[in-house]
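Asker: One file is attached below, run_25.txt, containing compact mmCIF, C-alpha atoms and all ligand atoms.
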# COMPACT_ATOMS: atom_id res chain seq x y z
CA MET A 279 0.90 19.96 -17.10
CA ILE A 280 1.29 19.44 -13.36
CA ASN A 281 2.76 16.03 -12.58
CA GLY A 282 1.99 13.70 -9.68
CA ARG A 283 5.06 14.67 -7.72
CA GLN A 284 4.11 18.36 -7.87
CA LEU A 285 0.55 17.60 -6.77
CA TYR A 286 1.89 15.56 -3.86
CA LEU A 287 4.26 18.35 -2.84
CA ALA A 288 1.49 20.94 -3.17
CA GLN A 289 -0.74 18.93 -0.88
CA ARG A 290 1.95 18.31 1.74
CA LEU A 291 3.31 21.87 1.74
CA SER A 292 -0.16 23.41 1.92
CA ALA A 293 -0.85 21.10 4.87
CA VAL A 294 2.29 22.33 6.62
CA LEU A 295 1.22 25.91 6.00
CA LEU A 296 -2.33 25.27 7.20
CA VAL A 297 -1.29 23.94 10.60
CA PRO A 298 -0.29 27.33 12.07
CA LEU A 299 -2.86 29.23 10.00
CA VAL A 300 -5.77 27.15 11.29
CA LEU A 301 -4.54 27.33 14.88
CA ILE A 302 -4.21 31.12 14.75
CA HIS A 303 -7.58 31.39 13.03
CA LEU A 304 -9.30 29.25 15.69
CA ALA A 305 -7.60 31.09 18.54
CA LEU A 306 -8.65 34.35 16.97
CA ILE A 307 -12.29 33.32 16.74
CA ILE A 308 -12.35 32.20 20.36
CA ILE A 309 -10.64 35.31 21.67
CA ALA A 310 -12.59 37.73 19.46
CA VAL A 311 -15.99 36.31 20.27
CA ARG A 312 -15.49 35.67 23.99
CA ASN A 313 -16.47 39.18 24.98
CA GLY A 314 -19.37 39.28 22.55
CA LEU A 315 -17.82 41.33 19.77
CA SER A 316 -20.27 42.62 17.20
CA ALA A 317 -19.69 42.39 13.45
CA ALA A 318 -19.09 46.11 13.32
CA GLU A 319 -16.40 45.92 15.98
CA ILE A 320 -14.66 43.07 14.15
CA LEU A 321 -14.75 44.93 10.87
CA GLY A 322 -13.39 47.97 12.66
CA ARG A 323 -10.29 45.99 13.53
CA THR A 324 -9.77 44.14 10.27
CA ARG A 325 -10.50 46.96 7.80
CA GLY A 326 -7.33 48.41 6.39
CA SER A 327 -5.17 45.88 8.20
CA LEU A 328 -2.44 44.69 5.86
CA LEU A 329 -1.47 41.95 8.31
CA TRP A 330 -4.90 40.32 8.37
CA GLY A 331 -5.22 40.80 4.62
CA VAL A 332 -1.99 38.87 4.01
CA PHE A 333 -2.87 36.27 6.66
CA TYR A 334 -6.26 35.42 5.21
CA THR A 335 -5.06 35.58 1.60
CA LEU A 336 -2.48 32.94 2.48
CA PHE A 337 -5.17 30.98 4.29
CA VAL A 338 -7.47 31.00 1.28
CA LEU A 339 -4.66 30.02 -1.10
CA ALA A 340 -3.60 27.11 1.10
CA VAL A 341 -7.19 25.90 1.47
CA ALA A 342 -7.84 26.21 -2.27
CA VAL A 343 -4.83 23.98 -2.93
CA HIS A 344 -5.21 21.50 -0.10
CA VAL A 345 -8.93 20.77 -0.03
CA PRO A 346 -9.54 19.98 -3.73
CA LEU A 347 -6.49 17.69 -3.76
CA GLY A 348 -7.88 15.77 -0.80
CA VAL A 349 -11.30 15.57 -2.41
CA ARG A 350 -9.62 14.31 -5.57
CA ASN A 351 -8.03 11.43 -3.66
CA VAL A 352 -11.30 10.53 -1.98
CA MET A 353 -13.19 10.64 -5.29
CA THR A 354 -10.56 8.48 -6.99
CA GLU A 355 -10.90 5.82 -4.32
CA TRP A 356 -14.61 5.94 -3.64
CA THR A 357 -16.24 6.65 -6.98
CA ARG A 358 -15.91 5.02 -10.37
CA LEU A 359 -15.76 8.39 -12.15
CA GLN A 360 -13.27 8.91 -14.97
CA PRO A 361 -10.05 10.63 -13.84
CA ARG A 362 -10.80 13.49 -16.26
CA VAL A 363 -14.19 14.09 -14.64
CA VAL A 364 -12.63 14.04 -11.16
CA ASP A 365 -9.90 16.48 -12.24
CA ALA A 366 -12.43 18.86 -13.83
CA PHE A 367 -14.62 18.76 -10.73
CA CYS A 368 -11.69 19.44 -8.43
CA LEU A 369 -10.41 22.29 -10.58
CA LEU A 370 -13.84 23.91 -10.44
CA PHE A 371 -13.97 23.34 -6.71
CA CYS A 372 -10.55 25.00 -6.36
CA LEU A 373 -11.77 28.04 -8.34
CA LEU A 374 -14.93 28.24 -6.24
CA LEU A 375 -12.89 28.20 -3.01
CA LEU A 376 -10.54 30.83 -4.39
CA ILE A 377 -13.31 33.18 -5.53
CA ALA A 378 -15.48 32.77 -2.44
CA GLY A 379 -12.46 33.00 -0.13
CA MET A 380 -10.93 36.06 -1.74
CA ARG A 381 -14.31 37.76 -1.83
CA ALA A 382 -14.53 37.28 1.93
CA VAL A 383 -10.99 38.59 2.42
CA PHE A 384 -11.75 41.71 0.40
CA ALA A 385 -14.96 42.21 2.33
CA VAL A 386 -13.28 42.31 5.73
CA VAL A 387 -10.06 44.20 4.94
CA MET B 157 21.61 7.38 2.38
CA THR B 158 19.92 4.83 4.54
CA SER B 159 16.45 5.95 4.88
CA LYS B 160 14.88 6.14 8.29
CA THR B 161 11.17 6.48 8.11
CA SER B 162 8.44 6.86 10.63
CA ASP B 163 7.18 3.43 9.63
CA THR B 164 6.52 1.46 12.78
CA VAL B 165 4.63 -1.49 11.41
CA GLN B 166 6.25 -4.79 12.25
CA PRO B 167 5.76 -8.05 10.41
CA ASP B 168 3.39 -10.41 12.13
CA ARG B 169 5.78 -12.91 13.74
CA SER B 170 3.05 -15.47 14.23
CA GLN B 171 3.35 -16.17 10.50
CA HIS B 172 6.77 -17.66 11.06
CA ASP B 173 6.88 -19.32 14.45
CA HIS B 174 5.73 -22.82 14.93
CA VAL B 175 2.84 -22.28 17.24
CA HIS B 176 1.72 -25.30 19.18
CA ALA B 177 -1.89 -26.09 19.80
CA GLN B 178 -3.57 -23.85 22.36
CA PRO B 179 -5.76 -25.35 25.08
CA GLY B 180 -9.29 -25.75 23.76
CA GLN B 181 -7.97 -25.93 20.25
CA ALA B 182 -8.21 -29.03 18.06
CA GLN B 183 -5.56 -31.69 18.78
CA PRO B 184 -3.87 -34.10 16.37
CA GLY B 185 -6.37 -36.78 15.42
CA ASP B 186 -9.33 -34.36 15.62
CA ARG B 187 -11.47 -33.62 12.57
CA LEU B 188 -11.00 -30.21 11.06
CA GLU B 189 -13.88 -28.53 9.29
CA VAL B 190 -12.30 -27.06 6.21
CA SER B 191 -14.28 -24.64 4.00
CA ILE B 192 -12.73 -24.21 0.59
CA TRP B 193 -13.78 -21.79 -2.13
CA ARG B 194 -15.00 -23.47 -5.32
CA GLY B 195 -15.57 -21.80 -8.65
CA LYS B 196 -14.86 -18.22 -9.69
CA ARG B 197 -15.58 -15.02 -7.72
CA ASP B 198 -19.28 -15.83 -7.85
CA GLY B 199 -18.66 -19.36 -6.54
CA GLY B 200 -19.13 -20.53 -2.99
CA PHE B 201 -17.68 -22.54 -0.13
CA LYS B 202 -17.72 -26.28 0.11
CA GLN B 203 -17.00 -28.14 3.35
CA TYR B 204 -14.55 -31.00 3.82
CA ALA B 205 -13.54 -32.95 6.91
CA VAL B 206 -9.80 -33.42 7.24
CA GLU B 207 -7.87 -35.01 10.07
CA LEU B 208 -5.54 -32.69 11.99
CA ARG B 209 -1.99 -34.05 12.15
CA GLU B 210 1.28 -32.99 13.72
CA ASN B 211 3.30 -30.67 11.50
CA GLN B 212 0.67 -30.04 8.87
CA THR B 213 0.65 -26.96 6.69
CA VAL B 214 -2.37 -25.34 5.09
CA LEU B 215 -0.99 -26.48 1.74
CA ASP B 216 -0.95 -30.06 3.07
CA ILE B 217 -4.65 -29.70 3.88
CA VAL B 218 -5.47 -28.44 0.39
CA THR B 219 -3.44 -31.27 -1.13
CA GLU B 220 -5.20 -33.84 1.02
CA VAL B 221 -8.60 -32.48 0.03
CA GLN B 222 -7.66 -32.66 -3.63
CA ARG B 223 -6.24 -36.18 -3.41
CA GLN B 224 -8.88 -37.70 -1.14
CA HIS B 225 -12.10 -35.75 -1.66
CA GLU B 226 -12.13 -33.40 -4.63
CA PRO B 227 -9.89 -34.31 -7.57
CA SER B 228 -11.12 -31.28 -9.54
CA LEU B 229 -9.94 -28.77 -6.90
CA ALA B 230 -7.57 -26.26 -8.51
CA TYR B 231 -4.72 -24.73 -6.52
CA ARG B 232 -1.18 -23.64 -7.22
CA PHE B 233 2.14 -24.45 -5.62
CA ALA B 234 5.66 -25.33 -6.69
CA CYS B 235 8.52 -25.26 -4.22
CA ARG B 236 6.68 -26.05 -0.95
CA VAL B 237 9.48 -24.33 0.99
CA GLY B 238 8.63 -20.62 0.76
CA VAL B 239 10.74 -19.70 -2.24
CA CYS B 240 8.56 -19.56 -5.34
CA GLY B 241 5.68 -17.44 -4.04
CA SER B 242 3.01 -19.38 -5.91
CA CYS B 243 0.96 -20.88 -3.04
CA ALA B 244 -0.56 -17.73 -1.49
CA MET B 245 -4.23 -17.95 -0.44
CA THR B 246 -6.54 -16.28 2.00
CA VAL B 247 -6.59 -18.42 5.14
CA ASN B 248 -9.14 -17.63 7.85
CA GLY B 249 -9.41 -14.13 6.42
CA ALA B 250 -5.73 -13.24 6.05
CA PRO B 251 -3.42 -13.67 3.06
CA ARG B 252 -0.65 -16.18 3.71
CA TRP B 253 1.92 -18.39 2.03
CA THR B 254 0.22 -21.70 2.62
CA CYS B 255 3.29 -23.93 2.31
CA ARG B 256 4.89 -22.27 5.33
CA THR B 257 1.76 -21.67 7.36
CA HIS B 258 1.32 -24.32 10.00
CA VAL B 259 -2.31 -25.23 10.56
CA ASN B 260 -1.94 -24.69 14.33
CA GLN B 261 -1.04 -21.05 13.69
CA VAL B 262 -4.34 -20.30 12.05
CA ILE B 263 -7.17 -22.62 13.06
CA ALA B 264 -9.97 -21.08 15.03
CA GLY B 265 -11.39 -23.95 17.11
CA ASN B 266 -11.48 -26.62 14.44
CA GLN B 267 -12.41 -24.29 11.57
CA LEU B 268 -10.27 -23.47 8.61
CA THR B 269 -11.47 -21.30 5.72
CA ILE B 270 -9.39 -21.23 2.57
CA GLU B 271 -10.14 -18.75 -0.23
CA PRO B 272 -8.27 -17.29 -3.20
CA LEU B 273 -6.32 -14.06 -2.71
CA ARG B 274 -8.25 -10.79 -2.75
CA HIS B 275 -8.04 -8.16 -5.54
CA LEU B 276 -7.17 -10.59 -8.32
CA PRO B 277 -9.40 -12.32 -10.87
CA VAL B 278 -10.13 -15.91 -9.86
CA ILE B 279 -9.48 -18.46 -12.58
CA LYS B 280 -10.88 -21.39 -10.62
CA ASP B 281 -11.15 -22.34 -6.94
CA LEU B 282 -7.93 -21.20 -5.23
CA VAL B 283 -6.09 -20.14 -8.38
CA CYS B 284 -5.90 -16.42 -9.19
CA ASP B 285 -4.79 -14.76 -12.38
CA LEU B 286 -1.67 -12.82 -11.39
CA ALA B 287 -1.46 -10.90 -14.68
CA PRO B 288 -2.73 -7.60 -13.15
CA PHE B 289 -0.16 -7.91 -10.36
CA PHE B 290 2.72 -8.24 -12.82
CA GLU B 291 1.31 -5.66 -15.24
CA LYS B 292 1.33 -3.14 -12.40
CA TRP B 293 4.87 -4.21 -11.53
CA GLN B 294 5.81 -3.18 -15.09
CA LYS B 295 3.75 0.01 -14.96
CA ALA B 296 5.49 1.03 -11.73
CA GLY B 297 8.85 0.78 -13.51
CA GLY B 298 9.95 -2.36 -11.70
CA THR B 299 11.99 -3.64 -14.63
CA PHE B 300 15.76 -3.48 -14.26
CA LYS B 301 17.49 -1.70 -17.16
CA PRO B 302 21.23 -2.34 -17.29
CA THR B 303 23.81 0.41 -17.81
CA LYS B 304 26.28 -2.08 -19.26
CA SER B 305 26.19 -4.97 -21.68
CA ARG B 306 27.50 -8.43 -20.95
CA LEU B 307 30.64 -7.53 -22.87
CA ASP B 308 31.59 -4.92 -20.24
CA LYS B 309 33.29 -5.68 -16.98
CA PRO B 310 30.71 -5.99 -14.17
CA GLU B 311 30.23 -2.90 -12.06
CA PRO B 312 31.84 -3.39 -8.65
CA ILE B 313 29.24 -3.02 -5.90
CA ASP B 314 30.35 -2.66 -2.31
CA PRO B 315 27.99 -4.85 -0.27
CA GLN B 316 28.60 -2.60 2.73
CA SER B 317 27.65 0.65 0.98
CA PRO B 318 24.55 2.30 2.46
CA ALA B 319 22.70 2.21 -0.87
CA ARG B 320 23.33 -1.51 -1.32
CA LYS B 321 22.22 -2.24 2.23
CA THR B 322 19.03 -0.27 1.66
CA ALA B 323 18.36 -2.15 -1.57
CA ASN B 324 19.15 -5.49 0.06
CA ALA B 325 16.66 -4.84 2.83
CA ALA B 326 13.85 -4.83 0.27
CA ILE B 327 15.16 -7.18 -2.41
CA GLU B 328 14.07 -10.66 -1.32
CA CYS B 329 10.52 -10.38 -2.63
CA ILE B 330 9.13 -13.73 -3.80
CA ASN B 331 6.28 -12.11 -5.81
CA CYS B 332 3.64 -13.92 -3.83
CA ALA B 333 1.10 -11.04 -4.01
CA VAL B 334 0.27 -11.47 -0.33
CA CYS B 335 0.85 -7.75 0.27
CA TYR B 336 -1.21 -6.86 -2.81
CA SER B 337 -4.05 -8.92 -1.40
CA ALA B 338 -3.65 -7.39 2.08
CA CYS B 339 -3.75 -3.78 0.83
CA ASP B 340 -7.20 -2.17 0.96
CA VAL B 341 -6.13 0.65 -1.34
CA VAL B 342 -5.53 -1.89 -4.13
CA GLY B 343 -9.21 -2.78 -3.77
CA TRP B 344 -10.37 0.84 -3.75
CA ASN B 345 -8.25 2.29 -6.52
CA ASN B 346 -7.93 0.31 -9.75
CA ASP B 347 -4.88 2.31 -10.78
CA TYR B 348 -2.91 1.70 -7.60
CA VAL B 349 0.17 -0.36 -8.47
CA GLY B 350 0.38 -1.79 -4.96
CA PRO B 351 3.05 -2.42 -2.35
CA ALA B 352 5.20 -5.06 -4.07
CA ALA B 353 5.72 -3.02 -7.24
CA LEU B 354 6.65 0.11 -5.27
CA ASN B 355 8.93 -1.91 -3.01
CA ARG B 356 10.67 -3.13 -6.15
CA LEU B 357 10.95 0.41 -7.50
CA TRP B 358 12.66 1.45 -4.26
CA THR B 359 15.30 -1.27 -4.68
CA LEU B 360 16.00 0.05 -8.19
CA ALA B 361 16.27 3.59 -6.81
CA ASN B 362 19.17 2.33 -4.70
CA ASP B 363 20.89 0.36 -7.44
CA LYS B 364 23.54 2.32 -9.31
CA ARG B 365 23.51 -0.23 -12.13
CA HIS B 366 19.91 0.71 -12.99
CA ALA B 367 19.91 2.88 -16.11
CA ASP B 368 16.52 4.51 -15.40
CA ARG B 369 17.31 5.70 -11.88
CA GLU B 370 16.62 9.29 -12.88
CA GLN B 371 13.05 8.36 -13.74
CA VAL B 372 12.30 6.65 -10.46
CA THR B 373 10.72 9.64 -8.72
CA ASP B 374 8.46 10.45 -11.67
CA LEU B 375 7.43 6.80 -11.91
CA ALA B 376 6.81 6.65 -8.16
CA PHE B 377 4.48 9.64 -8.36
CA GLN B 378 2.55 8.69 -11.45
CA GLU B 379 -1.21 8.28 -11.06
CA GLY B 380 -1.70 5.19 -8.88
CA GLY B 381 1.83 5.44 -7.50
CA CYS B 382 3.18 5.91 -3.99
CA ALA B 383 1.03 8.97 -3.24
CA SER B 384 -2.03 6.67 -3.21
CA CYS B 385 -0.66 4.64 -0.28
CA HIS B 386 -2.38 5.29 3.06
CA SER B 387 0.59 4.03 5.10
CA HIS B 388 -1.56 1.71 7.19
CA GLY B 389 1.07 -1.00 6.82
CA ASN B 390 -1.07 -4.07 6.25
CA CYS B 391 1.38 -5.05 3.48
CA THR B 392 4.28 -5.13 5.94
CA ARG B 393 2.26 -6.96 8.54
CA HIS B 394 1.52 -9.81 6.14
CA CYS B 395 4.65 -10.06 3.99
CA PRO B 396 5.80 -13.63 4.64
CA VAL B 397 9.48 -12.86 4.08
CA GLU B 398 9.34 -9.91 6.49
CA LEU B 399 9.99 -7.17 3.98
CA SER B 400 8.57 -3.75 4.69
CA PRO B 401 6.92 -2.43 1.54
CA SER B 402 5.37 0.38 3.59
CA GLN B 403 8.83 1.56 4.57
CA SER B 404 9.99 1.45 0.94
CA ILE B 405 6.92 3.47 -0.06
CA ALA B 406 7.55 6.01 2.70
CA ALA B 407 11.10 6.40 1.37
CA LEU B 408 9.79 6.96 -2.17
CA LYS B 409 7.40 9.61 -0.85
CA LYS B 410 10.30 11.35 0.85
CA SER B 411 12.14 11.51 -2.47
CA ALA B 412 9.51 14.01 -3.66
CA ILE B 413 11.09 16.52 -1.31
CA PHE B 414 14.67 15.40 -0.82
CA GLY B 415 15.35 13.67 -4.14
CA LEU B 416 16.72 10.17 -4.55
CA PRO B 417 19.39 8.82 -2.22
CA ASP B 418 23.01 8.96 -3.26
CA VAL B 419 24.13 5.58 -4.58
CA GLU B 420 27.86 6.19 -4.89
S1 LIG A 501 0.97 0.80 3.67
FE1 LIG A 501 0.30 1.43 1.62
S2 LIG A 501 0.79 -0.27 0.31
FE2 LIG A 501 0.88 -1.05 2.42
S3 LIG A 501 -1.14 -1.90 2.78
FE3 LIG A 501 -1.21 0.23 3.45
S4 LIG A 501 -1.92 1.43 1.69
FE4 LIG A 501 -1.32 -0.60 0.96
S1 LIG A 502 6.70 -7.76 -0.78
FE1 LIG A 502 6.42 -9.58 0.50
S2 LIG A 502 4.21 -9.97 0.43
FE2 LIG A 502 4.66 -8.58 -1.24
S3 LIG A 502 4.94 -9.89 -3.04
FE3 LIG A 502 6.97 -9.54 -2.14
S4 LIG A 502 7.29 -11.21 -0.73
FE4 LIG A 502 5.12 -11.22 -1.20
S1 LIG A 503 4.89 -23.34 -2.74
FE1 LIG A 503 6.58 -22.01 -3.17
S2 LIG A 503 6.27 -20.44 -1.69
FE2 LIG A 503 4.73 -21.85 -1.15
Would you give me this structure, written as structure tokens?
Ligand code: SF4
Ligand code: SF4
Ligand code: FES
Answerer:
Amino acid sequence: MINGRQLYLAQRLSAVLLVPLVLIHLALIIIAVRNGLSAAEILGRTRGSLLWGVFYTLFVLAVAVHVPLGVRNVMTEWTRLQPRVVDAFCLLFCLLLLIAGMRAVFAVV
Amino acid sequence: MTSKTSDTVQPDRSQHDHVHAQPGQAQPGDRLEVSIWRGKRDGGFKQYAVELRENQTVLDIVTEVQRQHEPSLAYRFACRVGVCGSCAMTVNGAPRWTCRTHVNQVIAGNQLTIEPLRHLPVIKDLVCDLAPFFEKWQKAGGTFKPTKSRLDKPEPIDPQSPARKTANAAIECINCAVCYSACDVVGWNNDYVGPAALNRLWTLANDKRHADREQVTDLAFQEGGCASCHSHGNCTRHCPVELSPSQSIAALKKSAIFGLPDVE
């Protein structure tokens, strides 16, 4: 079983990781799209790139940890749902983020 | 290790200074309109007219109302000098120790509204049931467990050691539940143990005579523990004895990463 301290650490450390990842991701979008890149051109650059594969895998992992934990806190404070229901929901949400995110990573690299 | 945290919330000094009447504010001899909560949580306010005097505390007002107007009014106090922590009420919207709150500090015009504390069951009028407050104190691990029996020699504690100074900074809690009432998270999250209990846990974390020191971090991070705190510092702002529960909580949070401070 994961204890409260580990959940807290997971949320804080994933936040620390997400700071540079999000900034690079945003910068990338702005730079890539500025000259009107097409989807094909983008895929041409990301396909087969180990660097972008690792970058976005990390991104997806950090998001899948950080976001459901935040949602869990919000649900605990703002709904009267049982803790077990909240935990189950957030675990499912984490899996959904992981699957959808990794699918996207595989699609572009 | 003395813990430095990013906590910048300062206690509200106006709770402690004797503030003299502002211009436009009621003067001694004027009639105050005092609204006092009657009944349980589903009760309502009743109005009383009380004369404003020099050097009058909110507790004096409540006492006068009970003696002169409303013998059935229930309220709680004991020491009247800010030691016992039993007289806390919500005064003009903020939780305060009423025996040390001068009326001039809090009246708005000539209005004074006195209600029971927030987040606790109301027994009657201004009296709350503090059982949930103390149950959470226990749940948080706020009970001292000795390492020695009374047959052993007492453990020498250096009052100048960093750990003792850190513990001392948080130790003078009078259990008034003012911080508990001031904390919005207590209202949002039934499991949250609240600022006073976590402040207490932090003093135990810095006490080498506490037998359960090893468990402090796990207790701090149990469901409803320090991770639920939003660090908005309303507890510290209202604590009448100028403790900083938010700083104690921040220090507990830090122990998730750096472990507990060294007490030797
Ligand atoms: S700092 Fe934490 S304990 Fe204090 S009032 Fe805010 S949420 Fe409550
Ligand atoms: S920490 Fe301060 S406000 Fe909270 S119970 Fe103790 S004395 Fe009262
Ligand atoms: S009556 Fe004891 S603290 Fe106010």
Asker: For chain B against ligand LIG 503 (chain A), with a cut-off of 7 Å and counting only C-alpha atoms and all ligand atoms, what is the closest atom pair and its distance in Å to one decimal for every residue that makes the cut, ordered by chain and number, as a Markdown table?
Answerer:
| residue | atom | partner | partner_atom | distance |
| --- | --- | --- | --- | --- |
| B:Phe233 | CA | A:LIG503 | S1 | 4.1 |
| B:Ala234 | CA | A:LIG503 | S1 | 4.5 |
| B:Cys235 | CA | A:LIG503 | FE1 | 3.9 |
| B:Arg236 | CA | A:LIG503 | S1 | 3.7 |
| B:Val237 | CA | A:LIG503 | FE1 | 5.6 |
| B:Gly238 | CA | A:LIG503 | S2 | 3.4 |
| B:Val239 | CA | A:LIG503 | S2 | 4.6 |
| B:Cys240 | CA | A:LIG503 | FE1 | 3.8 |
| B:Gly241 | CA | A:LIG503 | S2 | 3.9 |
| B:Ser242 | CA | A:LIG503 | FE1 | 5.2 |
| B:Cys243 | CA | A:LIG503 | FE2 | 4.3 |
| B:Ala244 | CA | A:LIG503 | FE2 | 6.7 |
| B:Trp253 | CA | A:LIG503 | FE2 | 5.5 |
| B:Thr254 | CA | A:LIG503 | FE2 | 5.9 |
| B:Cys255 | CA | A:LIG503 | FE2 | 4.3 |
| B:Arg256 | CA | A:LIG503 | FE2 | 6.5 |
Asker: Compile the contact shell of region 189-200 of chain B as number ranges by chain: residues with an atom at most 8 Å away, counting all atoms listed in the file, same-chain residues fewer than 5 positions apart removed.
Answerer: B: 205-206, 229, 266-272, 277-282
Asker: From the options B:Leu286, B:Leu215, B:Ala319, B:Cys335, which residue's atoms come nearest to ligand LIG 502 (chain A), counting only C-alpha atoms and all ligand atoms?
Answerer: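 Smallest separation from ligand LIG 502 (chain A) among the options: B:Cys335.
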Asker: Taking into account all atoms listed in the file, which residue in the set A:Pro298, A:Gly282, A:Leu373, A:Glu355 is nearest to ligand LIG 501 (chain A)?
Answerer: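 Looking only at the distances to ligand LIG 501 (chain A), the closest residue turns out to be A:Glu355.
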Asker: Could you work out which residues of chain B fall inside 8 Å of chain A? Count all atoms listed in the file, and format the result as a ChimeraX atom specification.
Answerer: /B:341,344-345,373-374,377-379,383-384,412-413
Asker: Please check which residues have atoms at most 12 Å from (-3.9, 40.2, 8.0) in the file's coordinates, counting only C-alpha atoms, and write them as a list in words.
Answerer: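 Every polymer residue passing the test: Leu299, Ile302, His303, Leu306, Arg323, Thr324, Arg325, Gly326, Ser327, Leu328, Leu329, Trp330, Gly331, Val332, Phe333, Tyr334, Thr335, Leu336, Phe337, Val338, Val383, Phe384, Val386 and Val387 of chain A.
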Asker: Restricting the calculation to all atoms listed in the file, which member of B:Asp308, B:Asp216, B:Glu226, B:Glu398 is positioned closest to ligand LIG 502 (chain A)?
Answerer: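 Looking only at the distances to ligand LIG 502 (chain A), the closest residue turns out to be B:Glu398.
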Asker: Check every protein, DNA and RNA residue against ligand LIG 502 (chain A), keep those with an atom at most 9 Å away (counting all atoms listed in the file), and present them as JSON, numbers by chain.
Answerer: {"B": [241, 244, 251, 252, 253, 326, 327, 328, 329, 330, 331, 332, 333, 334, 335, 336, 337, 338, 350, 351, 352, 353, 355, 356, 391, 392, 393, 394, 395, 396, 397, 398, 399, 400, 401]}
Asker: Centre and edge lengths, as JSON, for the axis-aligned box enclosing every listed atom of ligand LIG 501 (chain A) with 4 Å of padding on each of the six sides, in Å to one decimal?
Answerer:
{"center_x": -0.5, "center_y": -0.2, "center_z": 2.0, "size_x": 10.9, "size_y": 11.3, "size_z": 11.4}
